[in-house]
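Structure first, then comments.
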Amino acid sequence: MAVLHRIIFSFISRATIISLLLCFSFSVSAQQKKMVTVAEEDTIPLFRGIAISADLVGIGMMTLYDYGTYEAALRINLKDKYFPVVEVGIGKADADDDVTRLVYKTTAPFGRIGLDLNFLKNKHDDYRVYGGLRYAFTSFKYDLQAPTLTDPVWGGVVPYGGKDLSSSCHWAEFNVGIDAKIWGPLRLGWNYRYKRRIQKKKTDMGHVWYIPGYGKDGAACMVAQFNVIFEI
């Protein structure tokens, strides 16, 4: 019996030692892999390239509605995670309402500056899911034509409207979107934007009908964009 106990004790001792060695080996291996991964991440350069994009939705709205935009963006890739963005464009409206007989025209530039963040765990994937912020501004002039008004107190006809009326607007944008590599430098992507007006200059005619780069006048609005992107 004593011999059997010694055999069992020896077996358990050896098994314990082997288990400890295996655990130590796995721990060292995992630590080495972690160190390699960190080293690989640390060796990724800060500057990863630039991308130029254009929105097709704004162009499409030009053909379907009385207003729309031509806009492009320059985006810088930092470590596949941070994407500073500059966006510029031209907003245009040429609306003639058959009911109110109001005619509104404007063509003016606008600009935005902001930052997007890639939320995917694998930052270097061909796909990206991101969110970001923008600050935007436009200064513009517009023409407004309307039927004359009758003065309810003094009588007579009062003209309403004007040419080269001046206004400006500041607003913020919160966006979420996705894009994916299609082939070579070509990427395609969607993004959705919530726009919130910060400040707007009023004119003697009151509220404007359309703000270049923002859309129809209002405290807030939402838009979608479809972007064709060339990344190098």
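Every chain in the structure tokens takes a letter, A first, then B, and so on in the order presented; its residues are numbered from 1, and the ligands are numbered from 1 following the presented order.
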May I have a table of the residues of stretch 102-187 of chain A lying at most 7 Å from stretch 66-87 of chain A, giving each one's closest pair of atoms and their distance in Å to one decimal, counting only C-alpha atoms, ordered by chain and ascending residue number, as a tab-separated table?
residue	atom	partner	partner_atom	distance
A:Gly111	CA	A:Glu87	CA	5.6
A:Arg112	CA	A:Glu87	CA	5.0
A:Ile113	CA	A:Val86	CA	4.6
A:Gly114	CA	A:Val85	CA	5.3
A:Leu115	CA	A:Pro84	CA	4.4
A:Asp116	CA	A:Phe83	CA	4.9
A:Leu117	CA	A:Tyr82	CA	5.0
A:Asn118	CA	A:Lys81	CA	4.8
A:Lys123	CA	A:Asp80	CA	5.6
A:His124	CA	A:Asp80	CA	6.1
Could you name the residues that touch A:Gly91 at 10 Å or less, counting only C-alpha atoms, but leaving out those on the same chain fewer than 6 positions away, as a PDB file with N, CA, C and O atoms, in the first residue's frame?
ATOM      1  N   GLY A  58     -26.591  65.515 -52.786  1.00  0.00           N
ATOM      2  CA  GLY A  58     -26.813  66.936 -53.025  1.00  0.00           C
ATOM      3  C   GLY A  58     -26.949  67.262 -54.500  1.00  0.00           C
ATOM      4  O   GLY A  58     -27.767  68.103 -54.894  1.00  0.00           O
ATOM      5  N   MET A  62     -30.502  68.558 -56.893  1.00  0.00           N
ATOM      6  CA  MET A  62     -30.561  69.652 -57.865  1.00  0.00           C
ATOM      7  C   MET A  62     -31.532  69.329 -58.997  1.00  0.00           C
ATOM      8  O   MET A  62     -32.194  70.219 -59.537  1.00  0.00           O
ATOM      9  N   TYR A  67     -33.581  73.013 -54.902  1.00  0.00           N
ATOM     10  CA  TYR A  67     -32.354  73.370 -54.206  1.00  0.00           C
ATOM     11  C   TYR A  67     -31.449  72.139 -54.120  1.00  0.00           C
ATOM     12  O   TYR A  67     -31.875  70.997 -54.361  1.00  0.00           O
ATOM     13  N   GLY A  68     -30.188  72.383 -53.767  1.00  0.00           N
ATOM     14  CA  GLY A  68     -29.236  71.280 -53.640  1.00  0.00           C
ATOM     15  C   GLY A  68     -27.832  71.829 -53.421  1.00  0.00           C
ATOM     16  O   GLY A  68     -27.637  73.048 -53.277  1.00  0.00           O
ATOM     17  N   THR A  69     -26.856  70.926 -53.414  1.00  0.00           N
ATOM     18  CA  THR A  69     -25.476  71.343 -53.158  1.00  0.00           C
ATOM     19  C   THR A  69     -24.502  70.601 -54.060  1.00  0.00           C
ATOM     20  O   THR A  69     -24.763  69.470 -54.485  1.00  0.00           O
ATOM     21  N   TYR A  70     -23.390  71.247 -54.338  1.00  0.00           N
ATOM     22  CA  TYR A  70     -22.204  70.609 -54.886  1.00  0.00           C
ATOM     23  C   TYR A  70     -21.149  70.700 -53.795  1.00  0.00           C
ATOM     24  O   TYR A  70     -20.789  71.819 -53.388  1.00  0.00           O
ATOM     25  N   GLU A  71     -20.694  69.572 -53.292  1.00  0.00           N
ATOM     26  CA  GLU A  71     -19.725  69.649 -52.210  1.00  0.00           C
ATOM     27  C   GLU A  71     -18.701  68.527 -52.265  1.00  0.00           C
ATOM     28  O   GLU A  71     -18.965  67.442 -52.781  1.00  0.00           O
ATOM     29  N   THR A 106     -30.725  81.895 -54.587  1.00  0.00           N
ATOM     30  CA  THR A 106     -29.433  82.134 -53.966  1.00  0.00           C
ATOM     31  C   THR A 106     -28.423  81.125 -54.487  1.00  0.00           C
ATOM     32  O   THR A 106     -28.778  80.000 -54.851  1.00  0.00           O
ATOM     33  N   THR A 107     -27.184  81.539 -54.551  1.00  0.00           N
ATOM     34  CA  THR A 107     -26.052  80.665 -54.861  1.00  0.00           C
ATOM     35  C   THR A 107     -24.870  81.171 -54.043  1.00  0.00           C
ATOM     36  O   THR A 107     -24.448  82.315 -54.220  1.00  0.00           O
ATOM     37  N   ALA A 108     -24.357  80.325 -53.137  1.00  0.00           N
ATOM     38  CA  ALA A 108     -23.301  80.808 -52.246  1.00  0.00           C
ATOM     39  C   ALA A 108     -22.462  79.642 -51.736  1.00  0.00           C
ATOM     40  O   ALA A 108     -22.940  78.505 -51.651  1.00  0.00           O
ATOM     41  N   PRO A 109     -21.215  79.918 -51.359  1.00  0.00           N
ATOM     42  CA  PRO A 109     -20.343  78.872 -50.815  1.00  0.00           C
ATOM     43  C   PRO A 109     -20.617  78.637 -49.329  1.00  0.00           C
ATOM     44  O   PRO A 109     -21.202  79.481 -48.643  1.00  0.00           O
ATOM     45  N   PHE A 110     -20.155  77.497 -48.836  1.00  0.00           N
ATOM     46  CA  PHE A 110     -20.213  77.188 -47.414  1.00  0.00           C
ATOM     47  C   PHE A 110     -19.006  76.318 -47.070  1.00  0.00           C
ATOM     48  O   PHE A 110     -18.350  75.753 -47.957  1.00  0.00           O
ATOM     49  N   THR A 138     -21.770  79.762 -43.321  1.00  0.00           N
ATOM     50  CA  THR A 138     -21.964  80.329 -44.647  1.00  0.00           C
ATOM     51  C   THR A 138     -22.395  81.783 -44.522  1.00  0.00           C
ATOM     52  O   THR A 138     -23.084  82.165 -43.571  1.00  0.00           O
ATOM     53  N   PHE A 140     -24.134  84.576 -47.194  1.00  0.00           N
ATOM     54  CA  PHE A 140     -24.734  84.522 -48.530  1.00  0.00           C
ATOM     55  C   PHE A 140     -25.679  85.690 -48.780  1.00  0.00           C
ATOM     56  O   PHE A 140     -26.108  86.388 -47.850  1.00  0.00           O
ATOM     57  N   TYR A 210     -33.989  79.194 -47.656  1.00  0.00           N
ATOM     58  CA  TYR A 210     -32.951  78.164 -47.824  1.00  0.00           C
ATOM     59  C   TYR A 210     -31.599  78.740 -47.430  1.00  0.00           C
ATOM     60  O   TYR A 210     -31.270  79.873 -47.789  1.00  0.00           O
ATOM     61  N   ILE A 211     -30.802  77.940 -46.688  1.00  0.00           N
ATOM     62  CA  ILE A 211     -29.456  78.330 -46.266  1.00  0.00           C
ATOM     63  C   ILE A 211     -28.455  77.408 -46.957  1.00  0.00           C
ATOM     64  O   ILE A 211     -28.513  76.185 -46.770  1.00  0.00           O
ATOM     65  N   PRO A 212     -27.543  77.937 -47.765  1.00  0.00           N
ATOM     66  CA  PRO A 212     -26.569  77.088 -48.475  1.00  0.00           C
ATOM     67  C   PRO A 212     -25.758  76.211 -47.517  1.00  0.00           C
ATOM     68  O   PRO A 212     -25.177  76.685 -46.548  1.00  0.00           O
ATOM     69  N   GLY A 213     -25.736  74.906 -47.803  1.00  0.00           N
ATOM     70  CA  GLY A 213     -24.995  73.964 -46.984  1.00  0.00           C
ATOM     71  C   GLY A 213     -25.774  73.415 -45.808  1.00  0.00           C
ATOM     72  O   GLY A 213     -25.422  72.385 -45.238  1.00  0.00           O
ATOM     73  N   TYR A 214     -26.829  74.132 -45.411  1.00  0.00           N
ATOM     74  CA  TYR A 214     -27.660  73.709 -44.280  1.00  0.00           C
ATOM     75  C   TYR A 214     -28.951  73.058 -44.752  1.00  0.00           C
ATOM     76  O   TYR A 214     -29.319  71.978 -44.305  1.00  0.00           O
ATOM     77  N   GLY A 215     -29.640  73.731 -45.658  1.00  0.00           N
ATOM     78  CA  GLY A 215     -30.917  73.232 -46.150  1.00  0.00           C
ATOM     79  C   GLY A 215     -32.013  74.246 -45.901  1.00  0.00           C
ATOM     80  O   GLY A 215     -31.757  75.436 -45.671  1.00  0.00           O
TER      81      GLY A 215
END
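Of the listed residues A:Gln145, A:Asn122, A:Thr43, A:Gln199, the one whose atoms come nearest to A:Tyr104 is A:Gln145, with distances taken using only C-alpha atoms.
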Could you check the closest approach to A:Arg193 for each of A:Val208, A:Lys163, A:Ser168, A:Leu133 and tell me which residue wins, using only C-alpha atoms?
A:Leu133
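Here the question is which of A:Leu144, A:Ile232, A:Ile59, A:Leu188 gets nearest to A:Asp94 using only C-alpha atoms, and that residue is A:Leu144.
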Using DSSP on the backbone coordinates, identify all residues within stretch 34-224 of chain A classified as strand (DSSP E); present the result as a ChimeraX atom specification.
/A:47-55,67-78,82-96,103-118,127-145,149-150,157-158,161-183,186-200,210-211,215-216,220-224
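In terms of minimum interatomic distance to A:Tyr130, A:Asn175 ranks closest within A:Thr100, A:Asn175, A:Gln225, A:Ser167, counting only C-alpha atoms.
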